[in-house]
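Trainee: Supplied structure: data_36.cif, mmCIF, C-alpha atoms.
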```cif
data_start
loop_
_atom_site.group_PDB
_atom_site.id
_atom_site.type_symbol
_atom_site.label_atom_id
_atom_site.label_comp_id
_atom_site.auth_asym_id
_atom_site.auth_seq_id
_atom_site.Cartn_x
_atom_site.Cartn_y
_atom_site.Cartn_z
ATOM 1 C CA MET A 441 0.000 0.000 0.000
ATOM 2 C CA TRP A 442 2.802 2.438 0.901
ATOM 3 C CA ASN A 443 4.483 1.769 -2.456
ATOM 4 C CA PHE A 444 1.200 2.484 -4.248
ATOM 5 C CA LEU A 445 0.833 5.823 -2.382
ATOM 6 C CA LYS A 446 4.437 6.808 -3.127
ATOM 7 C CA LYS A 447 4.012 5.998 -6.788
ATOM 8 C CA TRP A 448 0.668 7.747 -7.279
ATOM 9 C CA TRP A 449 0.808 10.498 -4.638
ATOM 10 C CA TRP A 450 0.506 13.302 -7.172
ATOM 11 C CA ILE A 451 -2.696 11.827 -8.658
ATOM 12 C CA ILE A 452 -4.180 11.467 -5.172
ATOM 13 C CA ALA A 453 -3.142 15.050 -4.334
ATOM 14 C CA VAL A 454 -4.723 16.397 -7.528
ATOM 15 C CA LEU A 455 -7.942 14.448 -6.894
ATOM 16 C CA ALA A 456 -8.102 15.619 -3.274
ATOM 17 C CA GLY A 457 -7.438 19.205 -4.326
ATOM 18 C CA GLY A 458 -10.101 18.988 -7.037
ATOM 19 C CA ILE A 459 -12.678 17.621 -4.616
ATOM 20 C CA ALA A 460 -11.833 20.314 -2.045
ATOM 21 C CA TRP A 461 -12.152 23.024 -4.707
ATOM 22 C CA TRP A 462 -15.486 21.592 -5.941
ATOM 23 C CA VAL A 463 -16.872 21.516 -2.392
ATOM 24 C CA GLY A 464 -15.640 25.084 -1.888
ATOM 25 C CA VAL A 465 -17.442 26.286 -5.040
ATOM 26 C CA VAL A 466 -20.718 24.633 -3.993
ATOM 27 C CA ASN A 467 -20.472 26.029 -0.460
ATOM 28 C CA THR A 468 -19.666 29.520 -1.721
ATOM 29 C CA ILE A 469 -22.627 29.670 -4.117
ATOM 30 C CA LYS A 470 -24.862 28.412 -1.286
ATOM 31 C CA ASN A 471 -23.611 31.247 0.907
ATOM 32 C CA TYR A 472 -24.282 33.810 -1.826
ATOM 33 C CA ASP A 473 -27.749 32.314 -2.304
ATOM 34 C CA ILE A 474 -28.481 32.619 1.420
ATOM 35 C CA ALA A 475 -27.251 36.226 1.354
ATOM 36 C CA VAL A 476 -29.700 37.044 -1.465
ATOM 37 C CA ASP A 477 -32.597 35.467 0.427
ATOM 38 C CA GLY A 478 -31.605 37.322 3.594
ATOM 39 C CA ALA A 479 -31.360 40.633 1.767
ATOM 40 C CA LEU A 480 -34.822 40.109 0.246
ATOM 41 C CA ALA A 481 -36.211 39.304 3.693
ATOM 42 C CA ASN A 482 -34.763 42.598 4.961
ATOM 43 C CA VAL A 483 -36.452 44.478 2.097
ATOM 44 C CA GLN A 484 -39.737 42.858 3.109
ATOM 45 C CA VAL A 485 -39.182 43.782 6.769
ATOM 46 C CA GLN A 486 -38.670 47.438 5.868
ATOM 47 C CA TYR A 487 -41.749 47.499 3.640
ATOM 48 C CA GLN A 488 -43.716 45.858 6.460
ATOM 49 C CA ARG A 489 -42.469 48.555 8.825
ATOM 50 C CA ARG A 490 -43.889 51.123 6.424
ATOM 51 C CA ALA A 491 -47.150 49.191 6.114
ATOM 52 C CA ASP A 492 -47.467 49.190 9.918
ATOM 53 C CA LEU A 493 -47.214 52.996 9.990
ATOM 54 C CA ILE A 494 -49.936 53.541 7.404
ATOM 55 C CA PRO A 495 -53.077 52.877 9.509
ATOM 56 C CA ASN A 496 -52.016 55.418 12.153
ATOM 57 C CA LEU A 497 -51.068 57.936 9.483
ATOM 58 C CA VAL A 498 -54.423 57.517 7.748
ATOM 59 C CA LYS A 499 -56.330 57.915 11.050
ATOM 60 C CA THR A 500 -54.365 61.017 11.977
ATOM 61 C CA VAL A 501 -54.925 62.699 8.629
ATOM 62 C CA GLN A 502 -58.533 61.530 8.478
ATOM 63 C CA ALA A 503 -59.284 63.209 11.797
ATOM 64 C CA VAL A 504 -58.478 66.573 10.189
ATOM 65 C CA ALA A 505 -59.245 66.013 6.512
ATOM 66 C CA ASP A 506 -62.098 63.520 6.369
ATOM 67 C CA GLN A 507 -63.230 64.751 2.947
ATOM 68 C CA GLU A 508 -60.135 63.232 1.282
ATOM 69 C CA GLN A 509 -61.817 59.814 1.398
ATOM 70 C CA THR A 510 -60.513 58.703 -2.016
ATOM 71 C CA VAL A 511 -56.911 59.018 -0.849
ATOM 72 C CA PHE A 512 -57.610 57.162 2.417
ATOM 73 C CA THR A 513 -59.399 54.337 0.646
ATOM 74 C CA GLU A 514 -56.729 53.968 -2.030
ATOM 75 C CA VAL A 515 -53.834 53.951 0.468
ATOM 76 C CA THR A 516 -55.589 51.405 2.681
ATOM 77 C CA GLU A 517 -56.429 49.104 -0.242
ATOM 78 C CA LEU A 518 -52.922 49.350 -1.710
ATOM 79 C CA ARG A 519 -51.378 48.618 1.690
ATOM 80 C CA THR A 520 -53.470 45.438 1.938
ATOM 81 C CA LYS A 521 -52.600 44.434 -1.624
ATOM 82 C CA ALA A 522 -48.858 45.050 -1.198
ATOM 83 C CA SER A 523 -48.741 43.216 2.131
ATOM 84 C CA SER A 524 -50.528 40.151 0.775
ATOM 85 C CA ILE A 525 -48.033 39.326 -2.003
ATOM 86 C CA ASN A 526 -45.903 36.263 -1.298
ATOM 87 C CA VAL A 527 -42.553 37.177 -2.772
ATOM 88 C CA SER A 528 -39.625 34.924 -3.575
ATOM 89 C CA VAL A 529 -36.360 35.634 -5.322
ATOM 90 C CA ASP A 530 -36.922 32.434 -7.301
ATOM 91 C CA ASP A 531 -40.279 33.698 -8.610
ATOM 92 C CA LEU A 532 -39.540 36.743 -10.764
ATOM 93 C CA GLU A 533 -43.231 37.350 -11.410
ATOM 94 C CA SER A 534 -43.967 37.697 -7.678
ATOM 95 C CA LEU A 535 -40.901 39.900 -7.260
ATOM 96 C CA GLY A 536 -42.068 42.223 -10.039
ATOM 97 C CA GLU A 537 -45.617 42.256 -8.677
ATOM 98 C CA PHE A 538 -44.293 43.095 -5.204
ATOM 99 C CA ALA A 539 -42.095 45.936 -6.495
ATOM 100 C CA ALA A 540 -44.957 47.374 -8.593
ATOM 101 C CA ALA A 541 -47.414 47.244 -5.677
ATOM 102 C CA GLN A 542 -44.924 48.949 -3.357
ATOM 103 C CA SER A 543 -44.233 51.630 -5.952
ATOM 104 C CA GLU A 544 -47.939 52.343 -6.414
ATOM 105 C CA LEU A 545 -48.397 52.498 -2.649
ATOM 106 C CA SER A 546 -45.489 54.962 -2.426
ATOM 107 C CA GLN A 547 -47.160 57.297 -4.906
ATOM 108 C CA TRP A 548 -50.409 57.325 -2.952
ATOM 109 C CA LEU A 549 -48.558 57.760 0.345
ATOM 110 C CA TRP A 550 -46.993 60.958 -0.973
ATOM 111 C CA ARG A 551 -50.471 62.135 -1.932
ATOM 112 C CA LEU A 552 -51.597 61.437 1.608
ATOM 113 C CA LEU A 553 -48.663 63.384 3.028
ATOM 114 C CA ALA A 554 -49.380 66.246 0.662
ATOM 115 C CA VAL A 555 -52.749 66.676 2.398
ATOM 116 C CA ALA A 556 -50.789 68.474 5.135
ATOM 117 C CA GLU A 557 -50.176 71.307 2.681
ATOM 118 C CA TRP A 558 -53.930 71.775 2.340
ATOM 119 C CA TYR A 559 -54.674 71.554 6.069
ATOM 120 C CA PRO A 560 -52.455 73.755 8.243
ATOM 121 C CA GLU A 561 -53.718 72.079 11.428
ATOM 122 C CA LEU A 562 -51.897 68.911 10.337
ATOM 123 C CA LYS A 563 -48.598 70.791 10.178
ATOM 124 C CA SER A 564 -48.842 71.402 13.909
ATOM 125 C CA ASN A 565 -50.239 67.974 14.854
ATOM 126 C CA GLU A 566 -47.545 66.149 16.844
ATOM 127 C CA ASN A 567 -48.839 62.696 15.887
ATOM 128 C CA PHE A 568 -48.750 63.580 12.212
ATOM 129 C CA LEU A 569 -45.280 65.106 12.431
ATOM 130 C CA ASP A 570 -43.974 62.057 14.320
ATOM 131 C CA LEU A 571 -45.534 59.634 11.828
ATOM 132 C CA GLN A 572 -44.198 61.681 8.929
ATOM 133 C CA LYS A 573 -40.696 61.541 10.418
ATOM 134 C CA GLN A 574 -40.977 57.773 10.985
ATOM 135 C CA LEU A 575 -42.198 57.280 7.430
ATOM 136 C CA GLU A 576 -39.296 59.297 6.007
ATOM 137 C CA GLY A 577 -36.847 57.244 8.089
ATOM 138 C CA THR A 578 -38.486 54.054 6.893
ATOM 139 C CA GLU A 579 -38.239 55.154 3.273
ATOM 140 C CA ASN A 580 -34.496 55.633 3.812
ATOM 141 C CA ARG A 581 -34.263 52.137 5.339
ATOM 142 C CA ILE A 582 -36.151 50.716 2.367
ATOM 143 C CA ALA A 583 -33.667 52.375 -0.007
ATOM 144 C CA VAL A 584 -30.725 50.905 1.929
ATOM 145 C CA ALA A 585 -32.349 47.452 2.053
ATOM 146 C CA ILE A 586 -33.002 47.498 -1.709
ATOM 147 C CA ASN A 587 -29.416 48.610 -2.329
ATOM 148 C CA ASN A 588 -28.151 45.734 -0.149
ATOM 149 C CA PHE A 589 -30.424 43.278 -1.957
ATOM 150 C CA ASN A 590 -29.175 44.426 -5.352
ATOM 151 C CA GLY A 591 -25.608 44.135 -4.052
ATOM 152 C CA ALA A 592 -26.258 40.562 -2.877
ATOM 153 C CA VAL A 593 -27.791 39.635 -6.245
ATOM 154 C CA GLY A 594 -24.797 41.215 -8.005
ATOM 155 C CA ALA A 595 -22.298 39.288 -5.872
ATOM 156 C CA TYR A 596 -24.208 36.054 -6.503
ATOM 157 C CA GLU A 597 -24.254 36.690 -10.260
ATOM 158 C CA ARG A 598 -20.572 37.647 -10.435
ATOM 159 C CA TYR A 599 -19.540 34.464 -8.620
ATOM 160 C CA ARG A 600 -21.944 32.299 -10.631
ATOM 161 C CA ILE A 601 -20.408 33.397 -13.955
ATOM 162 C CA ASN A 602 -16.743 33.225 -12.880
ATOM 163 C CA ILE A 603 -14.616 30.775 -14.804
ATOM 164 C CA PRO A 604 -13.974 27.963 -13.863
ATOM 165 C CA GLU A 605 -16.605 28.056 -11.071
ATOM 166 C CA LYS A 606 -19.465 28.465 -13.525
ATOM 167 C CA PHE A 607 -18.810 25.005 -14.980
ATOM 168 C CA VAL A 608 -19.324 23.384 -11.563
ATOM 169 C CA ILE A 609 -22.305 25.584 -10.695
ATOM 170 C CA ASN A 610 -24.082 25.129 -14.036
ATOM 171 C CA ARG A 611 -23.449 21.396 -14.266
ATOM 172 C CA PHE A 612 -23.678 20.134 -10.698
ATOM 173 C CA THR A 613 -25.990 22.529 -8.829
ATOM 174 C CA GLU A 614 -29.495 23.944 -9.141
ATOM 175 C CA TYR A 615 -28.348 27.572 -8.826
ATOM 176 C CA GLU A 616 -29.634 29.578 -11.749
ATOM 177 C CA SER A 617 -29.165 33.139 -12.871
ATOM 178 C CA ARG A 618 -30.830 35.847 -10.812
ATOM 179 C CA LYS A 619 -29.843 38.804 -12.959
ATOM 180 C CA ASP A 620 -33.536 39.632 -13.487
ATOM 181 C CA ALA A 621 -34.153 39.802 -9.730
ATOM 182 C CA PHE A 622 -32.645 43.289 -9.316
ATOM 183 C CA PHE A 623 -35.019 45.929 -7.952
ATOM 184 C CA GLN A 624 -35.175 48.740 -10.473
ATOM 185 C CA ALA A 625 -36.720 52.170 -10.366
ATOM 186 C CA ASP A 626 -39.991 52.555 -12.215
ATOM 187 C CA ALA A 627 -39.855 54.391 -15.490
ATOM 188 C CA ASP A 628 -41.991 57.146 -13.967
ATOM 189 C CA ALA A 629 -39.931 57.352 -10.747
ATOM 190 C CA GLN A 630 -38.250 60.530 -12.004
ATOM 191 C CA ASP A 631 -41.595 62.266 -12.454
ATOM 192 C CA VAL A 632 -42.817 64.538 -9.694
ATOM 193 C CA PRO A 633 -45.886 62.910 -8.090
ATOM 194 C CA ASP A 634 -49.191 64.420 -9.155
ATOM 195 C CA VAL A 635 -50.909 65.838 -6.089
ATOM 196 C CA ASP A 636 -54.343 66.458 -7.530
ATOM 197 C CA PHE A 637 -57.021 65.651 -4.966
ATOM 198 C CA ASP A 638 -59.910 66.154 -7.361
ATOM 199 C CA ILE A 639 -59.965 62.496 -8.356
#
```
Show me this structure written as structure tokens.

Mentor:
Amino acid sequence: MWNFLKKWWWIIAVLAGGIAWWVGVVNTIKNYDIAVDGALANVQVQYQRRADLIPNLVKTVQAVADQEQTVFTEVTELRTKASSINVSVDDLESLGEFAAAQSELSQWLWRLLAVAEWYPELKSNENFLDLQKQLEGTENRIAVAINNFNGAVGAYERYRINIPEKFVINRFTEYESRKDAFFQADADAQDVPDVDFDI
């Protein structure tokens, strides 16, 4: 046996090194995959934080500006719709639906906040000002979470297409491309929101 090992040690070393490298590639792509899922979960947490603020914001504004019923109804319905979407990074349709629902909710939220410009008593309402500040902070957290998610997807994609790793990943694992999973700004995101309450 010792003679066999001495004679073929280099083949055994190459095989052992190859197996170790292969295991390392599989473990690394798994870690990147987990990072993407974790980053998406954080995006959802931040959107949920925003959704939790909405009922109190609506009640506070409604107490002063009850005649803006269309805005209240739309925000409440969009909050329910956005919160009910089951999103997965592996289901691009659900991811797109989730992003679109959140974007639509954002537009209506800014309409709701614009009500303060029409009702000066809201500008001095401590509850409204506190909720407005929390909402602005949450919007910043959402932006950071989306940036982190896109970064995790980018890192996953870069590793997945590296040579020679891509040959192991494509042939021996179930990890597919996620380049379409990036959150992107809506085409109309650069437009100033329309704040017309005569809807």

Trainee: Can you write out as a tab-separated table which residues of segment 609-628 of chain A fall within 12 Å of segment 450-472 of chain A, alongside each residue's closest atom pair and its distance in Å to one decimal, counting only C-alpha atoms and ordering rows by chain and ascending residue number?

Mentor:
```
residue	atom	partner	partner_atom	distance
A:Ile609	CA	A:Val466	CA	7.0
A:Asn610	CA	A:Val466	CA	10.6
A:Arg611	CA	A:Val466	CA	11.1
A:Phe612	CA	A:Val466	CA	8.6
A:Thr613	CA	A:Val466	CA	7.5
A:Glu614	CA	A:Lys470	CA	10.2
A:Tyr615	CA	A:Ile469	CA	7.7
A:Glu616	CA	A:Ile469	CA	10.4
A:Ser617	CA	A:Ile469	CA	11.5
A:Arg618	CA	A:Tyr472	CA	11.3
```

Trainee: Applying the PyMOL selection byres ((chain A and resi 519) around 9) to the file I just gave you, which residues come out? Please list them as a list in words.

Mentor: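 Applying the expression gives Ala491, Ile494, Glu514, Val515, Thr516, Glu517, Leu518, Thr520, Lys521, Ala522, Ser523, Ser524, Ala541, Gln542 and Leu545 of chain A.
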
Trainee: May I have the residues at most 12 Å from (-24.8, 37.2, -11.5) in the file's coordinates, counting all atoms listed in the file, as a PyMOL selection string?

Mentor: chain A and resi 469+472-473+476+590-602+606+609+615-622

Trainee: For the file shown, report as an MDAnalysis selection string the outcome of the PyMOL selection byres ((chain A and resi 552-557) around 8) at residue level.

Mentor: chainID A and resid 498 501 505 511:512 515 548:551 558:563 572 635

Trainee: Of the candidates A:Leu575, A:Ile603, A:Ile586, A:Val527, which shows the shortest atom-to-atom distance to Asn496 of chain A, using only C-alpha atoms?

Mentor: A:Leu575

Trainee: For the provided coordinates, the residues matched by the PyMOL selection byres ((chain A and resi 576) around 12) should be stated as JSON, numbers by chain.

Mentor: {"A": [486, 489, 490, 493, 546, 549, 550, 553, 569, 570, 571, 572, 573, 574, 575, 577, 578, 579, 580, 581, 582, 583]}

Trainee: Using atom CA of Pro495 of chain A and atom CA of Ala585 of chain A as the two end points, give the distance in Å to one decimal.

Mentor: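 Distance between the two atoms: 22.7 Å.
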
Trainee: Please compute the atom CA of Ser543 of chain A-atom CA of Ile525 of chain A distance, one decimal, in Å.

Mentor: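 Between these atoms lies a distance of 13.5 Å.
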
Trainee: Go through A:Ser528, A:Gln547, A:Glu508, A:Trp449 one by one, measure the shortest atom-to-atom distance of each to Ala481 of chain A using only C-alpha atoms, and give the residue with the smallest value.

Mentor: A:Ser528

Trainee: Provide the atom CA of Phe623 of chain A to atom CA of Gln488 of chain A distance in Å, to one decimal place.

Mentor: 16.8 Å

Trainee: Using all atoms listed in the file, which of the listed residues (A:Trp448, A:Phe589, A:Phe538, A:Phe568) sits closest to Asn482 of chain A?

Mentor: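 Checking each candidate against Asn482 of chain A, we get A:Phe589 as the closest.
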